[in-house]
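Q: Pasting my_file03.txt below, which is compact mmCIF, C-alpha atoms.
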```
# COMPACT_ATOMS: atom_id res chain seq x y z
CA MET S 687 -111.01 -20.12 -42.53
CA ARG S 688 -108.50 -19.72 -45.36
CA LYS S 689 -106.81 -16.34 -45.62
CA ILE S 690 -105.18 -14.61 -48.59
CA TYR S 691 -101.60 -13.44 -48.03
CA ILE S 692 -100.17 -10.91 -50.51
CA LEU S 693 -96.35 -10.81 -50.43
CA ASP S 694 -94.20 -7.71 -50.90
CA THR S 695 -90.86 -7.96 -52.73
CA ASN S 696 -88.77 -7.53 -49.57
CA VAL S 697 -90.33 -10.68 -48.09
CA LEU S 698 -88.86 -12.79 -50.93
CA ILE S 699 -85.49 -11.05 -50.62
CA HIS S 700 -85.56 -11.89 -46.91
CA ASP S 701 -86.71 -15.48 -47.55
CA PRO S 702 -86.80 -16.54 -51.25
CA LYS S 703 -89.21 -19.41 -50.54
CA ALA S 704 -91.42 -17.50 -48.12
CA MET S 705 -94.60 -18.51 -49.98
CA THR S 706 -94.22 -22.07 -48.62
CA ASN S 707 -94.66 -20.88 -45.00
CA PHE S 708 -98.36 -19.93 -45.16
CA GLU S 709 -99.85 -23.34 -44.46
CA ASP S 710 -103.44 -24.02 -45.60
CA ASN S 711 -103.88 -20.51 -47.02
CA ASP S 712 -103.77 -18.67 -50.35
CA VAL S 713 -100.60 -16.80 -51.31
CA VAL S 714 -100.71 -14.08 -53.96
CA LEU S 715 -97.70 -12.50 -55.62
CA PRO S 716 -98.40 -9.17 -57.38
CA ILE S 717 -96.93 -9.06 -60.88
CA TYR S 718 -94.92 -5.98 -59.89
CA VAL S 719 -92.98 -8.12 -57.40
CA ILE S 720 -91.77 -10.23 -60.33
CA GLU S 721 -90.60 -7.04 -62.06
CA GLU S 722 -88.66 -5.94 -58.99
CA ILE S 723 -87.08 -9.38 -58.60
CA ASP S 724 -86.04 -9.21 -62.25
CA LYS S 725 -84.22 -5.92 -61.60
CA LEU S 726 -82.56 -7.15 -58.41
CA LYS S 727 -81.35 -10.47 -59.85
CA LYS S 728 -78.48 -8.71 -61.65
CA GLU S 729 -76.94 -7.49 -58.37
CA SER S 730 -73.81 -9.32 -57.23
CA GLY S 731 -74.57 -9.23 -53.49
CA ASN S 732 -76.97 -11.12 -51.24
CA ARG S 733 -80.04 -9.29 -52.55
CA GLY S 734 -79.22 -10.42 -56.07
CA ALA S 735 -78.67 -13.99 -54.94
CA SER S 736 -82.01 -14.05 -53.07
CA ALA S 737 -83.78 -12.59 -56.12
CA ARG S 738 -82.33 -15.31 -58.37
CA ILE S 739 -83.35 -18.08 -55.95
CA ALA S 740 -86.89 -16.65 -55.69
CA ALA S 741 -87.19 -16.37 -59.50
CA ARG S 742 -86.04 -19.97 -60.03
CA PHE S 743 -88.43 -21.25 -57.38
CA ILE S 744 -91.42 -19.40 -58.85
CA ASP S 745 -90.45 -20.67 -62.31
CA SER S 746 -90.41 -24.24 -60.98
CA LEU S 747 -94.03 -23.82 -59.87
CA ARG S 748 -95.11 -23.31 -63.50
CA SER S 749 -94.83 -27.07 -64.01
CA LYS S 750 -97.84 -27.45 -61.69
CA GLY S 751 -100.10 -25.30 -63.86
CA CYS S 752 -100.89 -21.74 -64.89
CA LEU S 753 -99.70 -19.23 -62.28
CA ALA S 754 -102.45 -16.77 -63.24
CA LYS S 755 -105.13 -19.33 -62.36
CA GLY S 756 -103.16 -20.63 -59.39
CA VAL S 757 -101.41 -23.85 -58.43
CA GLU S 758 -101.40 -26.13 -55.40
CA ILE S 759 -98.02 -26.27 -53.64
CA GLU S 760 -96.80 -27.91 -50.44
CA ASN S 761 -98.51 -27.51 -47.04
CA GLY S 762 -101.97 -27.01 -48.54
CA ILE S 763 -101.05 -23.65 -50.06
CA PHE S 764 -102.73 -22.25 -53.19
CA PHE S 765 -100.32 -19.90 -54.98
CA ARG S 766 -100.98 -17.49 -57.83
CA VAL S 767 -99.61 -14.36 -59.51
CA GLU S 768 -102.03 -11.43 -59.71
CA THR S 769 -101.92 -8.94 -62.61
CA LYS S 770 -105.14 -6.98 -61.97
CA GLY S 771 -105.42 -3.89 -59.83
CA ASP S 772 -106.68 -0.42 -60.69
CA THR S 773 -104.43 2.43 -59.49
CA THR S 774 -107.42 4.80 -59.71
CA GLU S 775 -108.58 3.23 -56.45
CA LEU S 776 -105.54 4.69 -54.69
CA PRO S 777 -105.74 7.97 -52.73
CA LEU S 778 -105.01 10.98 -54.96
CA SER S 779 -101.93 11.86 -52.89
CA LEU S 780 -100.15 8.62 -53.90
CA LYS S 781 -98.12 8.50 -57.12
CA ARG S 782 -99.31 5.86 -59.59
CA ASP S 783 -95.87 5.03 -61.02
CA ILE S 784 -94.31 3.84 -57.74
CA VAL S 785 -94.14 0.04 -57.46
CA ASP S 786 -95.16 -0.05 -53.78
CA ASN S 787 -98.32 1.89 -54.58
CA ARG S 788 -99.16 -0.46 -57.46
CA ILE S 789 -98.81 -3.40 -55.07
CA LEU S 790 -101.23 -1.61 -52.73
CA ALA S 791 -103.66 -1.20 -55.64
CA ILE S 792 -103.58 -4.97 -56.23
CA ALA S 793 -104.18 -5.55 -52.50
CA LEU S 794 -107.23 -3.24 -52.67
CA TYR S 795 -108.52 -5.10 -55.74
CA ILE S 796 -108.21 -8.51 -54.05
CA LYS S 797 -109.82 -7.17 -50.87
CA LYS S 798 -112.87 -6.01 -52.86
CA LYS S 799 -113.01 -9.16 -54.98
CA ASP S 800 -112.64 -11.74 -52.16
CA LYS S 801 -114.85 -10.26 -49.46
CA ASP S 802 -115.45 -13.68 -47.86
CA LYS S 803 -111.73 -14.13 -47.02
CA LYS S 804 -109.38 -12.14 -44.83
CA VAL S 805 -106.81 -10.41 -47.06
CA ILE S 806 -103.42 -9.70 -45.47
CA LEU S 807 -100.53 -7.81 -47.05
CA VAL S 808 -97.15 -9.06 -45.77
CA SER S 809 -94.24 -6.60 -45.93
CA LYS S 810 -90.98 -5.98 -44.11
CA ASP S 811 -91.05 -2.32 -45.17
CA VAL S 812 -92.26 -0.15 -42.27
CA ASN S 813 -93.54 2.64 -44.53
CA MET S 814 -95.38 0.14 -46.73
CA ARG S 815 -97.13 -1.21 -43.63
CA ILE S 816 -98.08 2.33 -42.55
CA LYS S 817 -99.53 3.19 -45.97
CA ALA S 818 -101.46 -0.08 -46.11
CA ASP S 819 -102.92 0.48 -42.67
CA ALA S 820 -103.95 4.03 -43.66
CA MET S 821 -105.83 2.52 -46.60
CA GLU S 822 -107.58 -0.02 -44.31
CA ILE S 823 -105.63 -2.96 -45.72
CA TYR S 824 -104.80 -5.52 -43.05
CA VAL S 825 -100.99 -5.74 -42.96
CA GLU S 826 -98.36 -7.77 -41.11
CA ASP S 827 -94.62 -8.16 -40.90
CA TYR S 828 -93.15 -11.51 -42.04
CA LYS S 829 -93.05 -13.44 -38.77
CA SER S 830 -92.10 -17.03 -39.59
CA ASP S 831 -88.48 -16.60 -38.46
CA LYS S 832 -88.88 -14.10 -35.63
CA THR S 833 -87.29 -14.63 -32.23
CA ASP S 834 -88.32 -12.53 -29.23
CA LEU S 835 -85.07 -10.87 -28.11
CA GLU S 836 -86.32 -10.57 -24.53
CA GLU S 837 -86.71 -14.36 -24.46
CA LEU S 838 -83.50 -15.14 -26.34
CA TYR S 839 -81.53 -18.02 -24.87
CA THR S 840 -78.66 -16.60 -22.77
CA GLY S 841 -76.39 -19.65 -22.93
CA ASN S 842 -75.96 -19.85 -19.13
CA MET S 843 -77.94 -20.45 -15.95
CA GLU S 844 -77.51 -20.30 -12.17
CA ILE S 845 -78.42 -22.93 -9.59
CA ASP S 846 -78.08 -23.13 -5.82
CA LEU S 847 -76.43 -26.31 -4.54
CA GLU S 848 -75.98 -27.93 -1.18
CA GLU S 849 -72.43 -28.06 0.11
CA GLU S 850 -72.03 -31.80 -0.49
CA PHE S 851 -72.64 -31.39 -4.23
CA ILE S 852 -70.29 -28.41 -4.42
CA LYS S 853 -67.56 -30.52 -2.81
CA LYS S 854 -68.29 -33.44 -5.13
CA TYR S 855 -68.01 -31.22 -8.24
CA GLU S 856 -64.92 -29.46 -6.90
CA LYS S 857 -63.20 -32.81 -6.39
CA SER S 858 -64.12 -34.60 -9.64
CA GLY S 859 -64.83 -31.73 -12.02
CA ARG S 860 -68.12 -33.24 -13.17
CA ILE S 861 -71.58 -34.08 -11.88
CA LYS S 862 -74.72 -35.63 -13.41
CA TYR S 863 -77.38 -33.01 -14.13
CA VAL S 864 -80.12 -35.22 -12.59
CA GLU S 865 -78.39 -34.88 -9.21
CA VAL S 866 -78.67 -31.10 -9.11
CA MET S 867 -81.60 -30.04 -11.36
CA THR S 868 -85.00 -31.29 -12.48
CA GLU S 869 -84.84 -30.31 -16.20
CA GLU S 870 -82.05 -31.07 -18.65
CA PRO S 871 -80.16 -27.93 -19.79
CA SER S 872 -79.58 -27.12 -23.45
CA ALA S 873 -76.42 -28.49 -25.06
CA ASN S 874 -73.27 -26.60 -23.99
CA CYS S 875 -75.20 -24.43 -21.54
CA PHE S 876 -72.91 -22.92 -18.89
CA VAL S 877 -73.97 -23.54 -15.30
CA SER S 878 -73.01 -21.33 -12.32
CA MET S 879 -73.30 -23.41 -9.15
CA LYS S 880 -73.60 -21.43 -5.91
CA ASN S 881 -73.41 -22.23 -2.24
CA LYS S 882 -73.25 -19.23 0.11
CA GLU S 883 -70.19 -17.26 -0.99
CA LYS S 884 -68.75 -20.04 -3.13
CA ILE S 885 -69.42 -20.27 -6.87
CA LEU S 886 -68.19 -22.85 -9.39
CA PHE S 887 -68.68 -22.92 -13.15
CA GLY S 888 -69.21 -25.73 -15.64
CA ARG S 889 -70.55 -26.53 -19.10
CA TYR S 890 -73.26 -29.12 -19.78
CA ASN S 891 -72.15 -32.05 -21.95
CA LYS S 892 -75.22 -33.47 -23.69
CA LYS S 893 -73.45 -36.74 -24.57
CA THR S 894 -72.41 -37.63 -21.04
CA LYS S 895 -75.44 -35.91 -19.41
CA ARG S 896 -73.03 -34.21 -17.02
CA ILE S 897 -72.00 -30.70 -16.05
CA GLU S 898 -68.23 -30.64 -16.58
CA ARG S 899 -65.47 -28.24 -15.64
CA MET S 900 -64.55 -25.76 -18.37
CA THR S 901 -61.33 -26.53 -20.22
CA TYR S 902 -60.48 -23.19 -21.81
CA GLY S 903 -62.33 -20.61 -19.73
CA ASP S 904 -59.33 -19.28 -17.81
CA ILE S 905 -56.49 -19.23 -20.32
CA SER S 906 -54.53 -16.51 -22.11
CA VAL S 907 -55.49 -16.25 -25.78
CA TRP S 908 -53.15 -14.23 -28.02
CA GLY S 909 -52.17 -12.12 -24.99
CA VAL S 910 -55.65 -11.52 -23.52
CA ARG S 911 -57.81 -13.17 -20.88
CA GLY S 912 -61.53 -13.03 -20.16
CA ARG S 913 -62.41 -10.17 -17.81
CA ASN S 914 -65.69 -11.59 -16.53
CA GLU S 915 -67.65 -14.84 -16.36
CA GLU S 916 -69.41 -14.31 -19.69
CA GLN S 917 -66.12 -13.69 -21.53
CA ASN S 918 -64.69 -16.86 -19.96
CA PHE S 919 -67.76 -18.77 -21.19
CA ALA S 920 -67.21 -17.36 -24.68
CA LEU S 921 -63.51 -18.36 -24.67
CA ASP S 922 -64.40 -21.89 -23.60
CA LEU S 923 -66.61 -22.25 -26.70
CA LEU S 924 -64.24 -20.42 -29.06
CA MET S 925 -61.23 -22.57 -28.16
CA ASP S 926 -63.07 -25.91 -28.19
CA GLU S 927 -62.51 -27.56 -31.59
CA ASP S 928 -65.53 -29.84 -31.08
CA ILE S 929 -67.82 -26.80 -31.15
CA LYS S 930 -68.33 -25.93 -34.84
CA VAL S 931 -70.75 -22.98 -34.55
CA VAL S 932 -70.55 -20.21 -31.95
CA THR S 933 -72.92 -17.25 -31.61
CA LEU S 934 -71.82 -14.31 -29.46
CA VAL S 935 -74.59 -11.77 -28.90
CA GLY S 936 -74.14 -8.59 -26.90
CA LYS S 937 -74.14 -4.82 -26.88
CA ALA S 938 -71.20 -2.66 -27.94
CA GLY S 939 -68.07 -3.05 -25.84
CA THR S 940 -68.74 -6.53 -24.43
CA GLY S 941 -65.71 -7.97 -26.27
CA LYS S 942 -67.47 -10.19 -28.82
CA THR S 943 -65.25 -9.42 -31.81
CA LEU S 944 -62.04 -9.09 -29.78
CA LEU S 945 -62.45 -12.52 -28.19
CA ALA S 946 -63.36 -14.12 -31.52
CA VAL S 947 -60.35 -12.59 -33.33
CA ALA S 948 -57.97 -13.43 -30.46
CA SER S 949 -59.15 -17.06 -30.40
CA GLY S 950 -58.87 -17.31 -34.17
CA LEU S 951 -55.30 -16.00 -34.15
CA GLU S 952 -54.37 -18.33 -31.29
CA LEU S 953 -55.80 -21.43 -32.99
CA VAL S 954 -54.53 -20.62 -36.48
CA VAL S 955 -51.14 -18.96 -35.89
CA GLU S 956 -49.95 -20.33 -32.54
CA ARG S 957 -51.52 -23.80 -32.42
CA SER S 958 -51.98 -24.56 -36.15
CA LYS S 959 -55.40 -26.13 -35.50
CA TYR S 960 -56.90 -24.50 -38.60
CA LYS S 961 -55.35 -23.64 -41.96
CA LYS S 962 -56.56 -20.07 -42.21
CA LEU S 963 -58.44 -17.36 -40.30
CA PHE S 964 -61.24 -15.77 -42.36
CA ILE S 965 -62.86 -12.59 -41.10
CA ALA S 966 -65.85 -11.15 -42.97
CA ARG S 967 -68.42 -8.40 -42.41
CA PRO S 968 -71.59 -7.51 -44.32
CA ILE S 969 -71.26 -4.24 -46.23
CA VAL S 970 -74.13 -2.26 -44.70
CA SER S 971 -73.55 1.42 -43.98
CA MET S 972 -74.67 3.08 -40.74
CA GLY S 973 -75.43 6.43 -42.36
CA LYS S 974 -74.99 7.95 -45.80
CA GLU S 975 -73.26 5.85 -48.44
CA LEU S 976 -69.58 6.56 -49.04
CA GLY S 977 -70.05 6.32 -52.80
CA TYR S 978 -67.38 4.90 -55.07
CA LEU S 979 -64.00 4.64 -53.36
CA PRO S 980 -60.69 4.89 -55.19
CA GLY S 981 -57.91 2.34 -55.03
CA SER S 982 -57.56 -1.43 -54.98
CA GLU S 983 -60.09 -3.88 -53.57
CA LYS S 984 -58.23 -3.85 -50.24
CA GLU S 985 -58.26 -0.04 -50.09
CA LYS S 986 -61.97 0.09 -50.94
CA LEU S 987 -62.81 -2.34 -48.13
CA LYS S 988 -60.64 -0.65 -45.47
CA PRO S 989 -63.37 1.73 -44.15
CA TRP S 990 -65.71 -1.23 -43.64
CA MET S 991 -63.04 -3.46 -42.09
CA GLN S 992 -61.46 -0.83 -39.82
CA PRO S 993 -63.08 -2.28 -36.64
CA ILE S 994 -61.31 -5.59 -37.39
CA PHE S 995 -57.99 -3.79 -37.91
CA ASP S 996 -58.53 -1.94 -34.60
CA ASN S 997 -59.04 -5.22 -32.75
CA ILE S 998 -55.93 -6.80 -34.26
CA ASP S 999 -53.97 -3.64 -33.44
CA PHE S 1000 -55.12 -3.93 -29.82
CA LEU S 1001 -54.12 -7.60 -29.70
CA ALA S 1002 -50.74 -6.84 -31.26
CA ASN S 1003 -50.08 -4.24 -28.55
CA ALA S 1004 -51.27 -6.63 -25.84
CA LYS S 1005 -48.72 -9.16 -27.07
CA GLU S 1006 -46.10 -6.42 -27.34
CA GLU S 1007 -45.55 -7.11 -31.01
CA LYS S 1008 -45.37 -4.75 -33.96
CA ALA S 1009 -48.23 -2.56 -35.14
CA GLY S 1010 -51.47 -4.29 -36.12
CA GLU S 1011 -51.14 -3.45 -39.81
CA LYS S 1012 -47.73 -5.15 -39.95
CA VAL S 1013 -49.16 -8.20 -38.19
CA ILE S 1014 -52.00 -8.34 -40.71
CA ALA S 1015 -49.65 -7.92 -43.67
CA GLY S 1016 -47.36 -10.65 -42.34
CA LEU S 1017 -50.17 -13.13 -41.73
CA GLU S 1018 -51.74 -12.41 -45.12
CA ALA S 1019 -48.37 -12.97 -46.81
CA LEU S 1020 -48.12 -16.36 -45.08
CA GLY S 1021 -51.65 -17.26 -46.20
CA LEU S 1022 -52.92 -17.49 -42.61
CA LEU S 1023 -55.34 -14.57 -42.63
CA LYS S 1024 -58.00 -13.32 -45.05
CA ILE S 1025 -60.18 -10.28 -44.31
CA GLU S 1026 -62.91 -9.69 -46.86
CA ALA S 1027 -66.47 -8.56 -47.57
CA LEU S 1028 -69.12 -11.15 -46.82
CA SER S 1029 -70.36 -11.06 -50.43
CA TYR S 1030 -67.26 -13.01 -51.49
CA ILE S 1031 -68.13 -15.99 -49.24
CA ARG S 1032 -71.10 -17.08 -51.36
CA GLY S 1033 -70.41 -20.07 -53.60
CA ARG S 1034 -67.20 -21.06 -51.82
CA SER S 1035 -66.35 -24.04 -49.67
CA ILE S 1036 -64.06 -23.29 -46.72
CA PRO S 1037 -62.27 -26.40 -45.36
CA ALA S 1038 -60.31 -26.41 -42.08
CA GLY S 1039 -60.85 -22.68 -41.57
CA PHE S 1040 -61.72 -20.53 -38.57
CA LEU S 1041 -64.40 -18.21 -39.96
CA ILE S 1042 -65.59 -15.08 -38.10
CA ILE S 1043 -68.71 -13.27 -39.32
CA ASP S 1044 -68.81 -9.90 -37.57
CA GLU S 1045 -71.93 -7.67 -37.39
CA ALA S 1046 -74.07 -10.74 -38.15
CA GLN S 1047 -77.20 -8.95 -36.89
CA ASN S 1048 -77.36 -7.30 -40.34
CA LEU S 1049 -77.90 -10.67 -42.05
CA THR S 1050 -81.21 -12.36 -42.83
CA PRO S 1051 -81.89 -15.95 -41.69
CA HIS S 1052 -81.52 -17.03 -45.33
CA GLU S 1053 -78.07 -15.39 -45.55
CA ILE S 1054 -77.03 -17.07 -42.31
CA LYS S 1055 -78.07 -20.42 -43.76
CA THR S 1056 -76.03 -19.71 -46.90
CA ILE S 1057 -72.92 -18.98 -44.80
CA VAL S 1058 -73.23 -22.04 -42.54
CA THR S 1059 -73.62 -24.29 -45.57
CA ARG S 1060 -70.25 -22.99 -46.86
CA ALA S 1061 -68.46 -24.73 -43.99
CA GLY S 1062 -66.19 -27.51 -45.18
CA LYS S 1063 -64.72 -30.32 -43.12
CA ASP S 1064 -63.17 -29.22 -39.78
CA THR S 1065 -64.27 -25.59 -40.23
CA LYS S 1066 -65.48 -23.51 -37.30
CA ILE S 1067 -67.79 -20.51 -37.73
CA VAL S 1068 -68.22 -17.72 -35.18
CA PHE S 1069 -71.05 -15.18 -35.51
CA THR S 1070 -70.88 -11.97 -33.49
CA GLY S 1071 -73.25 -9.03 -33.32
CA ASP S 1072 -75.50 -6.65 -31.42
CA PRO S 1073 -79.22 -7.02 -32.30
CA TYR S 1074 -79.85 -3.48 -31.03
CA GLN S 1075 -77.55 -1.97 -33.68
CA ILE S 1076 -79.11 -3.07 -36.97
CA ASP S 1077 -78.45 -1.02 -40.11
CA ASN S 1078 -80.37 -3.25 -42.55
CA PRO S 1079 -83.72 -1.44 -43.16
CA TYR S 1080 -85.70 -4.71 -43.45
CA LEU S 1081 -84.44 -6.37 -40.26
CA ASP S 1082 -85.13 -5.77 -36.58
CA THR S 1083 -84.17 -7.20 -33.19
CA GLU S 1084 -86.48 -10.18 -33.72
CA SER S 1085 -86.07 -11.02 -37.41
CA ASN S 1086 -82.29 -10.84 -37.89
CA GLY S 1087 -80.28 -13.95 -38.72
CA LEU S 1088 -78.03 -13.82 -35.64
CA THR S 1089 -80.80 -14.29 -33.07
CA TYR S 1090 -82.56 -16.74 -35.42
CA LEU S 1091 -79.43 -18.96 -35.54
CA ALA S 1092 -78.83 -18.72 -31.79
CA GLU S 1093 -82.35 -19.91 -31.05
CA ARG S 1094 -82.49 -22.65 -33.72
CA PHE S 1095 -79.10 -24.12 -32.70
CA ARG S 1096 -79.58 -23.85 -28.93
CA ASP S 1097 -79.70 -27.61 -28.32
CA VAL S 1098 -77.22 -28.73 -31.00
CA GLU S 1099 -74.21 -30.58 -29.57
CA ILE S 1100 -71.67 -28.94 -31.88
CA SER S 1101 -73.03 -25.43 -31.25
CA GLY S 1102 -72.63 -22.96 -28.40
CA HIS S 1103 -74.07 -19.56 -27.54
CA VAL S 1104 -73.29 -16.80 -25.06
CA LEU S 1105 -75.22 -13.59 -24.42
CA LEU S 1106 -72.67 -11.05 -23.18
CA LYS S 1107 -74.10 -8.28 -21.02
CA LYS S 1108 -71.22 -6.62 -19.21
CA GLY S 1109 -69.26 -4.02 -21.18
CA GLU S 1110 -65.47 -4.06 -20.86
CA ARG S 1111 -64.40 -1.48 -23.46
CA SER S 1112 -64.48 1.47 -21.07
CA GLU S 1113 -66.68 2.99 -18.40
CA LEU S 1114 -67.88 5.60 -20.91
CA ALA S 1115 -68.72 2.98 -23.58
CA GLU S 1116 -70.65 0.93 -21.01
CA LEU S 1117 -72.65 3.99 -19.92
CA ALA S 1118 -73.43 4.91 -23.55
CA ALA S 1119 -74.54 1.36 -24.44
CA THR S 1120 -76.77 1.21 -21.34
CA LEU S 1121 -78.23 4.71 -21.12
CA LEU S 1122 -78.39 6.08 -24.66
```
Could you show the structure in this file as structure tokens?

A:
Amino acid sequence: MRKIYILDTNVLIHDPKAMTNFEDNDVVLPIYVIEEIDKLKKESGNRGASARIAARFIDSLRSKGCLAKGVEIENGIFFRVETKGDTTELPLSLKRDIVDNRILAIALYIKKKDKDKKVILVSKDVNMRIKADAMEIYVEDYKSDKTDLEELYTGNMEIDLEEEFIKKYEKSGRIKYVEVMTEEPSANCFVSMKNKEKILFGRYNKKTKRIERMTYGDISVWGVRGRNEEQNFALDLLMDEDIKVVTLVGKAGTGKTLLAVASGLELVVERSKYKKLFIARPIVSMGKELGYLPGSEKEKLKPWMQPIFDNIDFLANAKEEKAGEKVIAGLEALGLLKIEALSYIRGRSIPAGFLIIDEAQNLTPHEIKTIVTRAGKDTKIVFTGDPYQIDNPYLDTESNGLTYLAERFRDVEISGHVLLKKGERSELAELAATLL
């Protein structure tokens, strides 16, 4: 039975071509969504870019016919723009001049008109979903790119081995996966091999079909070493030039950003493996907006980038060098380091760079795709973030771009992922992240 899906504006901002993901169903776009997209398209950030992409895509559908009457698009989808909807049908307590309420009026109109089909409003706005449900409109979140966080790939596994296999691996540093397990692991999955009190670690090489000894897991990187197994796994991926995309997921204090920055500095400054270290963060506030900030671009961005400065300051002290700000200024003067807002990445091509995207849990899957497609030849991209600390109002632990990327790239040979669980910042930080 065909269903009718009515899309809210935030769905198109999250995924500009979302209407193509409702296979063998009808998709309706309220006319007020077009108005909102028109307002948003002038913004310079990611919302503006998504609005422009959505507008261009909808405009391209006009070549198939009249949007008011509806057009056939890919995957058996019938798409149309709806202009009718009487706001007098709304509860008296709802204001008629609010766009969300007008979209609800259109949903009510379609529900009454097409009684033989199930009508579903799709919105990423929690309050919109609550209002729709209160008005007996069937409503859903946009689920096409959701990943269950409880089932998120961890990037490592444990197996028990007989002593003969432990000795064989210890001697040669590699072993075929078919000798020790029944199912093939994902590409670059870390394997902990146990026998009684003994434990050995390795990483699965999909090309050779072998578990191989880690190359970079136990090395000093810009003055720091991994403090636990998970951090050693992360370092092995970060320092391996053959791995082009790394996702580090974990709660606060697990060392995600510190390890990424340390590896970037080591590979760019000490080993000259990449031309420049780029560090970027999405500008999403945790509380009230700061408003307009005085000063230059660098001074305006400082409050947002302070966590990066703190990490570099820590690394500078660990290496017994000068203060972090002097290190940053020196590297920037040499053209080796660039710290900037994520908005400035769009439209650029970054060749031979080590790119760190911090707080990536605040990005949509579409934004993640935009960033990855910026990678030029020999560029490495590292995404770090905590899915439990999301400040974007339209994202959650399951729909954010970080977990989406980790799951989609889990078996890609040039990609690696680690879920960090153990906090190393301090005992207090670990207790707060666990208990609060």

Q: Any idea what's packed within 8 Å of region 880-885 of chain S, counting all atoms listed in the file, ignoring anything in its chain fewer than 6 positions away? Could you give it as a ChimeraX atom specification?

A: /S:844-849,852

Q: Please produce a file of those selected residues containing C-alpha atoms, as an mmCIF file, in the frame of the given file.

A:
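The result, written out as selection25.cif:
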```
data_model
loop_
_atom_site.group_PDB
_atom_site.id
_atom_site.type_symbol
_atom_site.label_atom_id
_atom_site.label_comp_id
_atom_site.auth_asym_id
_atom_site.auth_seq_id
_atom_site.Cartn_x
_atom_site.Cartn_y
_atom_site.Cartn_z
ATOM 1 C CA GLU S 844 -77.510 -20.300 -12.170
ATOM 2 C CA ILE S 845 -78.420 -22.930 -9.590
ATOM 3 C CA ASP S 846 -78.080 -23.130 -5.820
ATOM 4 C CA LEU S 847 -76.430 -26.310 -4.540
ATOM 5 C CA GLU S 848 -75.980 -27.930 -1.180
ATOM 6 C CA GLU S 849 -72.430 -28.060 0.110
ATOM 7 C CA ILE S 852 -70.290 -28.410 -4.420
#
```

Q: Using Å and a single decimal, report how far CA of Thr933 (chain S) sits from CA of Leu1114 (chain S).

A: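 Interatomic distance here is 25.7 Å.
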
Q: Identify the residues within 8 Å of coordinate (-53.2, -9.3, -24.3) (same frame as the file), considering all atoms listed in the file, and give the answer as a VMD selection string.

A: chain S and resid 906 to 911 1000 to 1005

Q: Every residue with an atom at most 12 Å from (-85.4, -7.3, -57.2) (file coordinates; all atoms listed in the file) is what I'm after, so could you write them as number ranges by chain?

A: S: 694-700, 702, 718-741, 785

Q: For C-alpha atoms, I'd like the residues from the last selection saved as a compact mmCIF listing (two decimals), in the frame of the given file.

A:
```
# COMPACT_ATOMS: atom_id res chain seq x y z
CA ASP S 694 -94.20 -7.71 -50.90
CA THR S 695 -90.86 -7.96 -52.73
CA ASN S 696 -88.77 -7.53 -49.57
CA VAL S 697 -90.33 -10.68 -48.09
CA LEU S 698 -88.86 -12.79 -50.93
CA ILE S 699 -85.49 -11.05 -50.62
CA HIS S 700 -85.56 -11.89 -46.91
CA PRO S 702 -86.80 -16.54 -51.25
CA TYR S 718 -94.92 -5.98 -59.89
CA VAL S 719 -92.98 -8.12 -57.40
CA ILE S 720 -91.77 -10.23 -60.33
CA GLU S 721 -90.60 -7.04 -62.06
CA GLU S 722 -88.66 -5.94 -58.99
CA ILE S 723 -87.08 -9.38 -58.60
CA ASP S 724 -86.04 -9.21 -62.25
CA LYS S 725 -84.22 -5.92 -61.60
CA LEU S 726 -82.56 -7.15 -58.41
CA LYS S 727 -81.35 -10.47 -59.85
CA LYS S 728 -78.48 -8.71 -61.65
CA GLU S 729 -76.94 -7.49 -58.37
CA SER S 730 -73.81 -9.32 -57.23
CA GLY S 731 -74.57 -9.23 -53.49
CA ASN S 732 -76.97 -11.12 -51.24
CA ARG S 733 -80.04 -9.29 -52.55
CA GLY S 734 -79.22 -10.42 -56.07
CA ALA S 735 -78.67 -13.99 -54.94
CA SER S 736 -82.01 -14.05 -53.07
CA ALA S 737 -83.78 -12.59 -56.12
CA ARG S 738 -82.33 -15.31 -58.37
CA ILE S 739 -83.35 -18.08 -55.95
CA ALA S 740 -86.89 -16.65 -55.69
CA ALA S 741 -87.19 -16.37 -59.50
CA VAL S 785 -94.14 0.04 -57.46
```

Q: What separation in Å, quoted to one decimal, exists between CA of Gln1047 (chain S) and CA of Arg913 (chain S)?

A: 24.2 Å

Q: May I have the residues within 10 Å of Met991 (chain S) as a list of chain:residue names, using all atoms listed in the file and disregarding those fewer than 6 positions away in the same chain?

A: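 Contacts, with the query itself left out: S:Ile965, S:Ala966, S:Arg967, S:Pro968, S:Ile969, S:Lys984, S:Glu985, S:Ile1025, S:Glu1026, S:Ala1027, S:Asp1044.
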
Q: Which residue, S:Thr773, S:Thr1059, S:Thr706, S:Asn711, has the smallest gap to Ser1035 (chain S) when you use only C-alpha atoms?

A: S:Thr1059

Q: From the list S:Ile796, S:Val947, S:Leu1091, S:Ala791, which residue is nearest Leu1041 (chain S) when using only C-alpha atoms?

A: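 The closest residue to Leu1041 (chain S) is S:Val947.
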
Q: So, with all atoms listed in the file as the atoms that count, which of S:Asn1078, S:Gln992, S:Asn874, S:Thr1056 lies closest to Asp701 (chain S)?

A: S:Thr1056

Q: Write out as a list in words each polymer residue whose atoms come within 8 Å of Phe876 (chain S), counting all atoms listed in the file; drop sequence neighbours fewer than 6 positions from it.

A: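 Surrounding residues, per the criterion: Gly841, Asn842, Met843, Phe887, Gly888, Arg889, Tyr890 and Phe919 of chain S.
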
Q: Interatomic distance between CA of Cys875 (chain S) and CA of Asn891 (chain S)?

A: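 One can read the CA of Cys875 (chain S) to CA of Asn891 (chain S) distance as 8.2 Å.
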